[in-house]
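**Q** Got a file for you: structure29.pdb, PDB, C-alpha atoms and all ligand atoms.
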```
ATOM      1  CA  MET A   1     -12.011  -3.507  22.360  1.00  0.00           C
ATOM      2  CA  SER A   2     -14.827  -3.523  19.851  1.00  0.00           C
ATOM      3  CA  SER A   3     -14.394   0.106  18.976  1.00  0.00           C
ATOM      4  CA  ASN A   4     -11.671   2.652  19.441  1.00  0.00           C
ATOM      5  CA  ALA A   5     -10.837   6.125  18.277  1.00  0.00           C
ATOM      6  CA  LYS A   6      -8.753   5.116  15.311  1.00  0.00           C
ATOM      7  CA  ASP A   7     -11.719   3.421  13.693  1.00  0.00           C
ATOM      8  CA  ILE A   8     -13.620   6.706  13.570  1.00  0.00           C
ATOM      9  CA  ARG A   9     -13.272   8.908  10.523  1.00  0.00           C
ATOM     10  CA  ARG A  10     -14.888  12.113   9.346  1.00  0.00           C
ATOM     11  CA  CYS A  11     -17.177  12.147   6.347  1.00  0.00           C
ATOM     12  CA  CYS A  12     -15.991  14.766   3.857  1.00  0.00           C
ATOM     13  CA  ALA A  13     -19.563  15.506   2.758  1.00  0.00           C
ATOM     14  CA  CYS A  14     -21.452  16.104   6.022  1.00  0.00           C
ATOM     15  CA  HIS A  15     -18.416  16.372   8.352  1.00  0.00           C
ATOM     16  CA  GLU A  16     -19.953  13.984  10.863  1.00  0.00           C
ATOM     17  CA  HIS A  17     -17.723  11.382  12.466  1.00  0.00           C
ATOM     18  CA  ALA A  18     -18.558   7.731  11.918  1.00  0.00           C
ATOM     19  CA  PRO A  19     -17.042   4.281  12.223  1.00  0.00           C
ATOM     20  CA  LYS A  20     -15.159   3.043   9.160  1.00  0.00           C
ATOM     21  CA  THR A  21     -17.786   0.355   8.662  1.00  0.00           C
ATOM     22  CA  GLU A  22     -20.320   3.035   7.698  1.00  0.00           C
ATOM     23  CA  LEU A  23     -17.986   4.858   5.359  1.00  0.00           C
ATOM     24  CA  LEU A  24     -16.402   4.478   1.946  1.00  0.00           C
ATOM     25  CA  ARG A  25     -12.738   5.313   1.505  1.00  0.00           C
ATOM     26  CA  PHE A  26     -11.059   6.981  -1.425  1.00  0.00           C
ATOM     27  CA  VAL A  27      -7.327   6.982  -1.856  1.00  0.00           C
ATOM     28  CA  ARG A  28      -4.788   8.461  -4.231  1.00  0.00           C
ATOM     29  CA  THR A  29      -2.854   5.712  -5.979  1.00  0.00           C
ATOM     30  CA  PRO A  30       0.903   5.999  -6.660  1.00  0.00           C
ATOM     31  CA  ASP A  31      -0.075   6.961 -10.223  1.00  0.00           C
ATOM     32  CA  GLY A  32      -2.029   9.927  -8.923  1.00  0.00           C
ATOM     33  CA  ASP A  33      -5.451   8.525  -9.676  1.00  0.00           C
ATOM     34  CA  ILE A  34      -8.239   8.819  -7.155  1.00  0.00           C
ATOM     35  CA  THR A  35      -9.984   5.532  -6.614  1.00  0.00           C
ATOM     36  CA  LEU A  36     -12.441   3.847  -4.312  1.00  0.00           C
ATOM     37  CA  ASP A  37     -10.445   1.828  -1.778  1.00  0.00           C
ATOM     38  CA  LEU A  38     -12.578  -1.223  -1.184  1.00  0.00           C
ATOM     39  CA  SER A  39     -10.028  -2.714   1.240  1.00  0.00           C
ATOM     40  CA  LYS A  40     -10.017   0.565   3.239  1.00  0.00           C
ATOM     41  CA  LYS A  41      -6.349  -0.180   3.898  1.00  0.00           C
ATOM     42  CA  ALA A  42      -4.491   1.068   0.834  1.00  0.00           C
ATOM     43  CA  ASP A  43      -1.415   3.200   1.384  1.00  0.00           C
ATOM     44  CA  GLY A  44      -1.772   6.907   0.997  1.00  0.00           C
ATOM     45  CA  ARG A  45      -3.998   9.673   2.136  1.00  0.00           C
ATOM     46  CA  GLY A  46      -7.603   8.570   2.456  1.00  0.00           C
ATOM     47  CA  VAL A  47     -10.801  10.540   2.200  1.00  0.00           C
ATOM     48  CA  TRP A  48     -13.940   9.129   3.765  1.00  0.00           C
ATOM     49  CA  VAL A  49     -17.599   9.552   2.952  1.00  0.00           C
ATOM     50  CA  HIS A  50     -20.767   7.959   4.294  1.00  0.00           C
ATOM     51  CA  ASP A  51     -21.993   5.060   2.200  1.00  0.00           C
ATOM     52  CA  SER A  52     -25.319   6.822   1.824  1.00  0.00           C
ATOM     53  CA  GLU A  53     -27.200   8.395  -1.033  1.00  0.00           C
ATOM     54  CA  ALA A  54     -27.215  11.782   0.667  1.00  0.00           C
ATOM     55  CA  CYS A  55     -23.481  12.023   1.272  1.00  0.00           C
ATOM     56  CA  ILE A  56     -22.382  10.389  -1.976  1.00  0.00           C
ATOM     57  CA  GLY A  57     -24.820  12.609  -3.845  1.00  0.00           C
ATOM     58  CA  LYS A  58     -23.348  15.693  -2.215  1.00  0.00           C
ATOM     59  CA  LEU A  59     -19.818  14.526  -2.915  1.00  0.00           C
ATOM     60  CA  VAL A  60     -20.601  13.962  -6.591  1.00  0.00           C
ATOM     61  CA  LYS A  61     -22.585  17.159  -7.029  1.00  0.00           C
ATOM     62  CA  ARG A  62     -19.982  19.393  -5.411  1.00  0.00           C
ATOM     63  CA  LYS A  63     -16.981  17.387  -6.594  1.00  0.00           C
ATOM     64  CA  LEU A  64     -15.730  17.266  -3.018  1.00  0.00           C
ATOM     65  CA  LEU A  65     -12.911  14.873  -3.863  1.00  0.00           C
ATOM     66  CA  ASN A  66     -11.192  17.603  -5.856  1.00  0.00           C
ATOM     67  CA  ALA A  67     -10.931  19.762  -2.756  1.00  0.00           C
ATOM     68  CA  ALA A  68     -10.127  16.884  -0.427  1.00  0.00           C
ATOM     69  CA  PHE A  69      -7.228  15.664  -2.542  1.00  0.00           C
ATOM     70  CA  LYS A  70      -6.317  19.107  -3.895  1.00  0.00           C
ATOM     71  CA  THR A  71      -6.317  17.698  -7.395  1.00  0.00           C
ATOM     72  CA  SER A  72      -8.555  17.375 -10.402  1.00  0.00           C
ATOM     73  CA  VAL A  73     -10.450  14.112 -10.104  1.00  0.00           C
ATOM     74  CA  ALA A  74     -11.539  12.407 -13.322  1.00  0.00           C
ATOM     75  CA  GLN A  75     -15.210  12.808 -14.125  1.00  0.00           C
ATOM     76  CA  GLU A  76     -15.469   9.017 -14.528  1.00  0.00           C
ATOM     77  CA  VAL A  77     -14.846   8.617 -10.816  1.00  0.00           C
ATOM     78  CA  TYR A  78     -17.905  10.721 -10.061  1.00  0.00           C
ATOM     79  CA  ASP A  79     -19.941   9.085 -12.798  1.00  0.00           C
ATOM     80  CA  GLU A  80     -19.272   5.645 -11.340  1.00  0.00           C
ATOM     81  CA  LEU A  81     -20.289   6.795  -7.885  1.00  0.00           C
ATOM     82  CA  GLY A  82     -23.490   8.253  -9.203  1.00  0.00           C
ATOM     83  CA  GLU A  83     -24.335   4.900 -10.718  1.00  0.00           C
ATOM     84  CA  ARG A  84     -23.784   2.857  -7.580  1.00  0.00           C
TER      85      ARG A  84
HETATM   86 ZN    ZN B   1     -21.723  11.972   5.654  1.00  0.00          ZN
END
```
What is this structure when it is put down as structure tokens?
Ligand SMILES: [Zn+2]
**A**
Amino acid sequence: MSSNAKDIRRCCACHEHAPKTELLRFVRTPDGDITLDLSKKADGRGVWVHDSEACIGKLVKRKLLNAAFKTSVAQEVYDELGER
């Protein structure tokens, strides 16, 4: 029982599937802000991306969170990611 289907998510940058352990999760808070979900368990719709320079870079450059959450994500969110 070390791995099962529900622990696999799709990266919104490269669209590959990967275990949660290799991904970062973003979630929309009740206030409508998009934030990095470090617990990976917060309520709400999550968007996943590889914890890699390539995928995070693509997400920042193309502002993929805007499309994924169908909302306008604050530039600070992208700026922080770019500085990780
Ligand atoms: Zn990826």
**Q** Have a look at atom CA of Cys11 of chain A and atom CA of Asp79 of chain A and let me know their distance in Å, one decimal.
**A** 19.6 Å
**Q** For ligand ZN 1 (chain B), which of A:Ile8, A:Leu64, A:Ile56, A:Ile34 is the closest residue, counting all atoms listed in the file?
**A**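 Looking only at the distances to ligand ZN 1 (chain B), the closest residue turns out to be A:Ile56.
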**Q** Just want the 9 Å neighbourhood of Ser52 of chain A, counted on all atoms listed in the file, with same-chain residues fewer than 5 positions away dropped. Output as a list in words.
**A**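 With the cut-off at 9 Å, the set is Glu22, Leu23 and Gly57 of chain A.
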**Q** Only C-alpha atoms, please: the residues just picked out, written as a short mmCIF file (atom, residue, chain, number, x, y, z; two decimals), keeping the file's coordinate frame.
**A**
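again20.cif, freshly written:
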```cif
data_model
loop_
_atom_site.label_atom_id
_atom_site.label_comp_id
_atom_site.auth_asym_id
_atom_site.auth_seq_id
_atom_site.Cartn_x
_atom_site.Cartn_y
_atom_site.Cartn_z
CA GLU A 22 -20.32 3.04 7.70
CA LEU A 23 -17.99 4.86 5.36
CA GLY A 57 -24.82 12.61 -3.84
#
```
**Q** With all atoms listed in the file as the basis for distance, which of A:Asn66, A:Val60, A:Glu83, A:Arg9 is at the shortest distance from Lys40 of chain A?
**A**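 Among A:Asn66, A:Val60, A:Glu83, A:Arg9, it is A:Arg9 that comes nearest to Lys40 of chain A.
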**Q** Please indicate the distance in Å from atom CA of Ala74 of chain A to atom CA of Asp7 of chain A, rounded to one decimal place.
**A**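 Going from atom CA of Ala74 of chain A over to atom CA of Asp7 of chain A, I get 28.5 Å.
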**Q** Would you pick out the contacts of Leu24 of chain A at 6 Å or less, using only C-alpha atoms, so that residues sharing its chain but fewer than 3 positions from it are not included, and give the list as a list of chain:residue names?
**A**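 Counting only the stated atoms, we get A:Trp48, A:Val49, A:Asp51.
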**Q** Those residues with C-alpha atoms, as a compact mmCIF listing (two decimals), in the frame of the given file please?
**A**
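Result file result-v5.txt:
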```
# COMPACT_ATOMS: atom_id res chain seq x y z
CA TRP A 48 -13.94 9.13 3.76
CA VAL A 49 -17.60 9.55 2.95
CA ASP A 51 -21.99 5.06 2.20
```
**Q** Please give me, as a list in words, the residues lying within 6 Å of ligand ZN 1 (chain B) when counting all atoms listed in the file.
**A**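 Listed by chain and ascending number, the contacts are Cys11, Ala13, Cys14, Glu16, Val49, His50 and Cys55 of chain A.
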**Q** Please indicate the distance in Å from atom CA of Gly32 of chain A to atom CA of Glu53 of chain A, rounded to one decimal place.
**A**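 Computing the Euclidean distance for atom CA of Gly32 of chain A and atom CA of Glu53 of chain A yields 26.4 Å.
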**Q** Select, counting all atoms listed in the file, all protein, DNA and RNA residues no farther than 12 Å from (-6.8, 0.0, 3.1) in file coordinates, and express the selection as a list in words.
**A**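 Selection result: Lys20, Leu24, Arg25, Phe26, Val27, Arg28, Thr29, Thr35, Leu36, Asp37, Leu38, Ser39, Lys40, Lys41, Ala42, Asp43, Gly44, Arg45, Gly46, Val47 and Trp48 of chain A.
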**Q** Let me make sure I understand: among A:Gln75, A:Gly82, A:Lys70, A:Lys58, which one has the smallest atom-to-atom distance to Cys12 of chain A if we use only C-alpha atoms?
**A** A:Lys58
**Q** Once you add 4 Å to each side, what are the centre and edge lengths of the axis-aligned box holding all listed atoms of segment 53-63 of chain A? One decimal in Å, as JSON, if you can.
**A**
```
{"center_x": -22.1, "center_y": 13.9, "center_z": -2.9, "size_x": 18.2, "size_y": 19.0, "size_z": 16.3}
```
